[in-house]
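With mmCIF, C-alpha atoms inside, this is upload-v2.cif:
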data_entry
#
loop_
_atom_site.label_atom_id
_atom_site.label_comp_id
_atom_site.auth_asym_id
_atom_site.auth_seq_id
_atom_site.Cartn_x
_atom_site.Cartn_y
_atom_site.Cartn_z
CA MET A 3 2.88 11.18 27.88
CA ASN A 4 5.82 11.00 25.49
CA GLY A 5 5.57 8.76 22.44
CA LEU A 6 8.04 7.55 19.82
CA VAL A 7 6.81 6.67 16.32
CA LEU A 8 9.15 4.69 14.04
CA GLU A 9 8.58 4.38 10.30
CA GLY A 10 9.71 1.26 8.43
CA GLY A 11 11.83 1.05 5.31
CA ALA A 12 13.75 -2.24 5.63
CA MET A 13 17.50 -1.48 5.59
CA ARG A 14 16.80 2.25 5.53
CA GLY A 15 15.93 1.59 9.15
CA MET A 16 19.65 1.82 9.86
CA PHE A 17 19.04 5.59 9.97
CA THR A 18 16.55 4.90 12.77
CA ALA A 19 19.07 2.66 14.52
CA GLY A 20 21.57 5.53 14.61
CA VAL A 21 18.93 7.90 15.97
CA LEU A 22 17.87 5.46 18.67
CA ASP A 23 21.40 4.68 19.81
CA TYR A 24 22.15 8.37 20.28
CA LEU A 25 18.92 8.92 22.22
CA MET A 26 19.67 5.91 24.42
CA GLU A 27 23.12 7.32 25.16
CA GLN A 28 21.38 10.47 26.38
CA ASP A 29 19.10 8.39 28.64
CA LEU A 30 16.01 9.76 26.93
CA VAL A 31 12.89 7.99 28.19
CA PHE A 32 9.63 7.45 26.32
CA ASP A 33 6.35 6.28 27.81
CA GLY A 34 5.34 4.48 24.65
CA ILE A 35 6.91 3.37 21.37
CA ILE A 36 5.34 2.07 18.18
CA GLY A 37 7.30 0.57 15.31
CA VAL A 38 6.33 -0.46 11.81
CA SER A 39 8.35 -3.05 9.89
CA ALA A 40 12.04 -2.17 10.40
CA GLY A 41 10.89 0.31 13.03
CA ALA A 42 9.48 -2.63 14.95
CA CYS A 43 12.56 -4.84 14.47
CA PHE A 44 15.05 -2.17 15.44
CA GLY A 45 12.89 -0.18 17.86
CA ALA A 46 12.53 -3.07 20.29
CA ASN A 47 16.19 -2.54 21.22
CA TYR A 48 15.23 0.81 22.75
CA LYS A 49 13.14 -0.93 25.38
CA SER A 50 15.84 -3.54 25.97
CA HIS A 51 18.49 -0.76 26.26
CA GLN A 52 20.87 -2.51 23.84
CA ILE A 53 22.91 0.29 22.34
CA GLY A 54 24.72 -0.81 19.18
CA ARG A 55 22.94 -4.14 18.79
CA THR A 56 21.11 -3.27 15.57
CA LEU A 57 24.25 -2.01 13.86
CA ARG A 58 26.32 -4.92 15.15
CA TYR A 59 24.23 -7.77 13.80
CA ASN A 60 23.30 -6.04 10.55
CA ILE A 61 26.96 -5.53 9.69
CA LYS A 62 28.05 -8.94 10.94
CA TYR A 63 25.45 -10.80 8.89
CA SER A 64 25.09 -8.39 5.96
CA LYS A 65 26.57 -10.90 3.51
CA ASP A 66 25.31 -14.05 5.25
CA LYS A 67 22.83 -15.96 3.05
CA ARG A 68 21.05 -17.11 6.18
CA TYR A 69 20.11 -13.50 7.01
CA CYS A 70 18.96 -11.84 3.80
CA SER A 71 19.32 -13.34 0.34
CA MET A 72 17.59 -14.46 -2.83
CA ASP A 73 18.57 -17.97 -1.77
CA SER A 74 16.41 -17.56 1.34
CA LEU A 75 13.55 -16.11 -0.72
CA ILE A 76 13.60 -19.08 -3.09
CA ARG A 77 13.90 -21.70 -0.36
CA THR A 78 11.62 -20.23 2.30
CA GLY A 79 9.52 -17.50 0.69
CA ASN A 80 11.19 -14.87 2.88
CA ILE A 81 14.08 -12.73 1.69
CA PHE A 82 14.86 -12.04 5.36
CA ASN A 83 15.06 -15.60 6.64
CA ALA A 84 12.40 -15.99 9.32
CA ARG A 85 14.17 -18.59 11.45
CA PHE A 86 17.54 -16.87 11.31
CA CYS A 87 16.26 -13.33 11.91
CA PHE A 88 13.62 -14.02 14.53
CA HIS A 89 15.07 -17.01 16.35
CA ASP A 90 18.76 -17.71 15.71
CA VAL A 91 19.90 -14.09 16.07
CA PRO A 92 17.84 -12.97 19.12
CA GLU A 93 18.05 -16.30 20.92
CA GLU A 94 21.63 -17.38 20.26
CA LEU A 95 23.87 -15.24 18.03
CA ASP A 96 23.20 -11.73 19.38
CA VAL A 97 20.90 -12.33 22.31
CA PHE A 98 18.00 -9.95 22.83
CA ASP A 99 17.77 -8.95 26.52
CA ARG A 100 14.22 -9.97 27.34
CA ALA A 101 14.69 -9.40 31.08
CA VAL A 102 15.55 -5.73 30.60
CA TYR A 103 12.83 -5.38 27.97
CA GLU A 104 10.18 -6.73 30.33
CA ASP A 105 11.43 -4.63 33.24
CA ASP A 106 11.38 -1.35 31.30
CA PRO A 107 8.03 0.44 31.88
CA ALA A 108 7.68 1.80 28.33
CA LYS A 109 4.91 0.23 26.29
CA PHE A 110 6.03 -1.16 22.95
CA TYR A 111 3.53 -1.58 20.13
CA VAL A 112 3.84 -2.85 16.58
CA ALA A 113 1.59 -2.27 13.60
CA ALA A 114 0.89 -4.98 11.04
CA SER A 115 -1.75 -5.20 8.29
CA ASP A 116 -4.66 -7.65 8.28
CA ILE A 117 -4.87 -8.46 4.58
CA LYS A 118 -8.37 -9.96 4.84
CA SER A 119 -10.01 -6.95 6.48
CA GLY A 120 -7.70 -4.33 4.98
CA GLU A 121 -7.27 -2.75 8.43
CA PRO A 122 -4.22 -2.15 10.62
CA ALA A 123 -3.57 -4.65 13.38
CA TYR A 124 -1.88 -3.16 16.44
CA LYS A 125 -0.34 -5.25 19.20
CA LEU A 126 1.19 -4.40 22.57
CA LEU A 127 4.26 -6.59 23.07
CA ASN A 128 5.01 -7.17 26.73
CA TYR A 129 7.49 -10.03 26.66
CA MET A 130 9.21 -10.35 23.26
CA ASP A 131 8.76 -14.09 23.52
CA ARG A 132 8.21 -16.22 20.42
CA THR A 133 4.63 -15.03 19.98
CA ASP A 134 5.66 -11.39 20.24
CA LEU A 135 8.50 -12.02 17.78
CA GLU A 136 5.94 -13.40 15.35
CA TRP A 137 4.15 -10.05 15.57
CA VAL A 138 7.40 -8.27 14.78
CA ARG A 139 7.88 -10.62 11.84
CA ALA A 140 4.35 -9.91 10.64
CA SER A 141 4.90 -6.17 10.89
CA SER A 142 8.02 -6.45 8.73
CA SER A 143 6.82 -9.01 6.15
CA MET A 144 7.04 -7.15 2.85
CA PRO A 145 4.65 -8.22 0.08
CA PHE A 146 6.34 -10.30 -2.64
CA PHE A 147 9.40 -10.76 -0.40
CA ALA A 148 7.84 -12.54 2.58
CA GLU A 149 5.25 -15.16 3.39
CA ILE A 150 1.93 -14.16 4.92
CA VAL A 151 2.00 -14.59 8.71
CA HIS A 152 -1.07 -16.31 10.15
CA LEU A 153 -1.45 -15.19 13.75
CA GLU A 154 -4.36 -14.91 16.20
CA GLY A 155 -6.91 -15.63 13.51
CA MET A 156 -5.54 -13.01 11.12
CA SER A 157 -3.48 -13.09 7.94
CA LEU A 158 -0.81 -10.43 8.35
CA LEU A 159 1.75 -8.56 6.31
CA ASP A 160 3.80 -5.37 6.58
CA GLY A 161 2.22 -2.65 8.72
CA GLY A 162 3.24 -0.08 6.14
CA LEU A 163 0.40 -1.23 3.90
CA THR A 164 -2.27 0.21 6.20
CA ASP A 165 -0.54 2.53 8.68
CA PRO A 166 3.01 3.40 7.61
CA ILE A 167 3.49 6.15 10.22
CA PRO A 168 1.10 5.40 13.11
CA LEU A 169 1.05 8.81 14.77
CA ARG A 170 -2.75 8.88 14.93
CA PHE A 171 -2.71 5.60 16.88
CA MET A 172 -0.33 7.02 19.47
CA LYS A 173 -2.41 10.17 19.89
CA GLN A 174 -5.52 8.04 20.38
CA LYS A 175 -3.64 6.13 23.09
CA GLY A 176 -3.03 9.40 24.94
CA TYR A 177 0.55 10.14 23.91
CA ASP A 178 0.41 13.90 23.50
CA LYS A 179 4.09 14.64 22.83
CA ASN A 180 5.32 12.49 20.00
CA VAL A 181 8.69 12.15 18.31
CA VAL A 182 8.40 10.81 14.77
CA VAL A 183 11.40 9.17 13.11
CA LEU A 184 11.18 8.80 9.32
CA THR A 185 13.50 6.93 6.98
CA LYS A 186 12.72 9.10 3.97
CA PRO A 187 12.85 12.90 3.73
CA LEU A 188 9.71 14.73 4.82
CA ASP A 189 8.91 15.87 1.28
CA PHE A 190 9.09 12.36 -0.20
CA ARG A 191 5.83 11.06 -1.70
CA LYS A 192 5.12 7.72 -3.37
CA ASN A 193 3.95 7.30 -6.95
CA LYS A 194 1.10 5.08 -8.09
CA ASN A 195 1.98 1.38 -8.27
CA ASN A 196 2.42 0.18 -11.86
CA LEU A 197 2.55 -3.53 -11.01
CA LYS A 198 -1.20 -4.15 -11.08
CA PRO A 199 -1.10 -7.30 -13.27
CA LEU A 200 1.65 -8.85 -11.14
CA ILE A 201 -0.19 -7.95 -7.93
CA LYS A 202 -3.39 -9.58 -9.15
CA MET A 203 -1.56 -12.70 -10.24
CA LYS A 204 0.42 -13.10 -7.01
CA TYR A 205 -2.42 -12.34 -4.59
CA ARG A 206 -5.54 -13.38 -6.51
CA LYS A 207 -6.79 -15.22 -3.40
CA TYR A 208 -6.60 -12.00 -1.38
CA PRO A 209 -8.67 -9.34 -3.19
CA VAL A 210 -8.50 -6.95 -0.23
CA LEU A 211 -4.71 -7.12 -0.31
CA VAL A 212 -4.73 -6.40 -4.05
CA LYS A 213 -6.71 -3.22 -3.38
CA LEU A 214 -4.35 -2.28 -0.54
CA LEU A 215 -1.31 -2.65 -2.75
CA GLU A 216 -2.94 -0.63 -5.52
CA LYS A 217 -3.75 2.28 -3.21
CA ASN A 218 -0.78 2.06 -0.86
CA TYR A 219 0.82 5.12 -2.44
CA ALA A 220 -2.24 7.19 -1.50
CA ILE A 221 -2.28 5.83 2.07
CA TYR A 222 1.39 6.67 2.50
CA ASN A 223 1.07 10.14 1.00
CA ARG A 224 -1.94 10.89 3.22
CA GLU A 225 0.06 10.06 6.32
CA LYS A 226 3.01 12.15 5.16
CA ASP A 227 0.64 15.09 4.61
CA TYR A 228 -0.67 14.57 8.14
CA ILE A 229 2.84 14.47 9.58
CA GLU A 230 3.70 17.68 7.74
CA LYS A 231 0.58 19.40 9.09
CA GLU A 232 1.23 18.27 12.66
CA LEU A 233 4.80 19.50 12.38
CA GLU A 234 3.67 22.92 11.18
CA LEU A 235 1.29 23.13 14.15
CA GLY A 236 4.13 22.27 16.56
CA ASN A 237 2.36 19.12 17.72
CA ILE A 238 5.23 16.71 16.99
CA PHE A 239 9.00 16.62 16.83
CA LEU A 240 10.39 15.19 13.61
CA ILE A 241 13.68 13.43 12.94
CA ALA A 242 14.18 12.57 9.27
CA PRO A 243 17.03 12.40 6.77
CA ASP A 244 17.58 15.63 4.87
CA SER A 245 18.07 13.75 1.60
CA PRO A 246 17.54 10.16 0.38
CA LEU A 247 19.67 7.63 2.23
CA PRO A 248 22.50 5.87 0.34
CA LEU A 249 20.83 2.44 0.50
CA GLY A 250 17.53 0.83 -0.39
CA HIS A 251 15.29 -1.83 1.11
CA ILE A 252 18.02 -4.45 0.75
CA CYS A 253 21.72 -3.77 1.31
CA HIS A 254 24.71 -6.08 1.74
CA ASP A 255 27.33 -3.33 1.72
CA GLU A 256 28.79 -2.85 5.20
CA ASP A 257 30.02 0.66 4.41
CA LEU A 258 26.58 1.82 3.28
CA ILE A 259 24.93 0.26 6.32
CA GLN A 260 27.40 2.10 8.54
CA LYS A 261 26.89 5.34 6.59
CA ALA A 262 23.09 5.25 6.98
CA TYR A 263 23.53 4.57 10.70
CA ASP A 264 25.99 7.45 11.04
CA ILE A 265 23.61 9.83 9.26
CA GLY A 266 20.91 8.94 11.79
CA TYR A 267 23.25 9.20 14.76
CA ASP A 268 24.57 12.59 13.64
CA LYS A 269 21.07 13.88 12.92
CA ALA A 270 19.93 12.95 16.42
CA ALA A 271 22.95 14.70 17.92
CA GLN A 272 22.27 17.78 15.80
CA VAL A 273 18.66 18.16 16.96
CA PHE A 274 18.93 16.81 20.50
CA GLU A 275 18.90 20.15 22.29
CA ASP A 276 15.68 21.14 20.53
CA LEU A 277 14.23 17.68 21.12
CA ASP A 278 14.96 17.86 24.84
CA TYR A 279 13.27 21.24 25.00
CA TYR A 280 10.22 19.93 23.12
CA LEU A 281 9.81 17.00 25.53
CA ASN A 282 10.86 18.57 28.81
CA GLY A 283 11.01 22.33 28.54
CA ALA A 284 7.93 23.39 26.65
CA ASP A 285 5.12 22.35 28.99
#
What would the structure in this file look like if it were written as structure tokens?
Amino acid sequence: MNGLVLEGGAMRGMFTAGVLDYLMEQDLVFDGIIGVSAGACFGANYKSHQIGRTLRYNIKYSKDKRYCSMDSLIRTGNIFNARFCFHDVPEELDVFDRAVYEDDPAKFYVAASDIKSGEPAYKLLNYMDRTDLEWVRASSSMPFFAEIVHLEGMSLLDGGLTDPIPLRFMKQKGYDKNVVVLTKPLDFRKNKNNLKPLIKMKYRKYPVLVKLLEKNYAIYNREKDYIEKELELGNIFLIAPDSPLPLGHICHDEDLIQKAYDIGYDKAAQVFEDLDYYLNGAD
């Protein structure tokens, strides 16, 4: 079975959006998809077959305080406004096609982090109804910039804390040919977090989360090492930017959003012949 693994990265996920739109234009089908954080938010559009939707609403609302702003962070505790992003946009302003999503046979998973157990929390999303959207929100809730999401008896934050690139999960599920889309170059590694006093002050009620945040750099680097090894063995197909993208976690610049998207789109076009061979011609 073919799997698609989508790393997070907040607005760096516009690279992923460009990749996915190109692959949709080529009618490339996956049996299963898993997204983390922005990979979950943007990746759902692959199953709903909505080419261009991610780029469209991110540019349209890039400067809208209701979408992403310090004003939202101060008022609601979420820099990406929960109601606007996970209700107003998909339900009214740029409607998410739930009918197509439900009809598509691909399985769509998200990864979040249970901050009480310190373990990943994976969820199969069949309907993208309000409960499923809460899982997407949980997967993309960045520490310090989002409220903890309490769902199904768990306290959840960004999936990148515990499983930033969930290739192992997909292999355990039986997906033996996996395409991994990163939002940072393959050789990128994180440095140790120097915000220990701030972390302890902010999350003193969640000691497991404090430990997760302190060691997140090591978790991320371990998964990148694993990806690199699997690539060398020919077990995966990788799509990643060749150099750091021209935007960070937060971006209100329409030109930079478009540029990151174009880099992803062009990269997918560049490697598509090899990708098609990996999935369909190398049995």
Nearest-residue call for Lys49 of chain A, choices A:Tyr24, A:Trp137, A:Phe86, A:Phe98, using all atoms listed in the file: A:Phe98
Can you list, as a tab-separated table (two decimals) with C-alpha atoms, keeping the file's coordinate frame, the residues that the PyMOL selection byres ((chain A and resi 196) around 12) selects here?
chain	number	residue	atom	x	y	z
A	192	LYS	CA	5.12	7.72	-3.37
A	193	ASN	CA	3.95	7.30	-6.95
A	194	LYS	CA	1.10	5.08	-8.09
A	195	ASN	CA	1.98	1.38	-8.27
A	197	LEU	CA	2.55	-3.53	-11.01
A	198	LYS	CA	-1.20	-4.15	-11.08
A	199	PRO	CA	-1.10	-7.30	-13.27
A	200	LEU	CA	1.65	-8.85	-11.14
A	201	ILE	CA	-0.19	-7.95	-7.93
A	202	LYS	CA	-3.39	-9.58	-9.15
A	215	LEU	CA	-1.31	-2.65	-2.75
A	216	GLU	CA	-2.94	-0.63	-5.52
A	217	LYS	CA	-3.75	2.28	-3.21
A	218	ASN	CA	-0.78	2.06	-0.86
A	219	TYR	CA	0.82	5.12	-2.44
Which residues match the PyMOL selection byres ((chain A and resi 184) around 7) in the file above, as a list of chain:residue names?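 Checked against the file, the PyMOL selection byres ((chain A and resi 184) around 7) matches A:Leu8, A:Glu9, A:Val182, A:Val183, A:Thr185, A:Lys186, A:Ile241, A:Ala242.
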Residues within 12 Å of Val273 of chain A, all atoms listed in the file, excluding chain neighbours under 2 positions, as a PyMOL selection string: chain A and resi 21+24-25+181+239-243+266-271+275-280
I'd like to know which of A:Ala40, A:Met172, A:Ile61, A:Val151 is closest to Ala12 of chain A, using all atoms listed in the file.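 Once distances to Ala12 of chain A are computed over all atoms listed in the file, the minimum belongs to A:Ala40.
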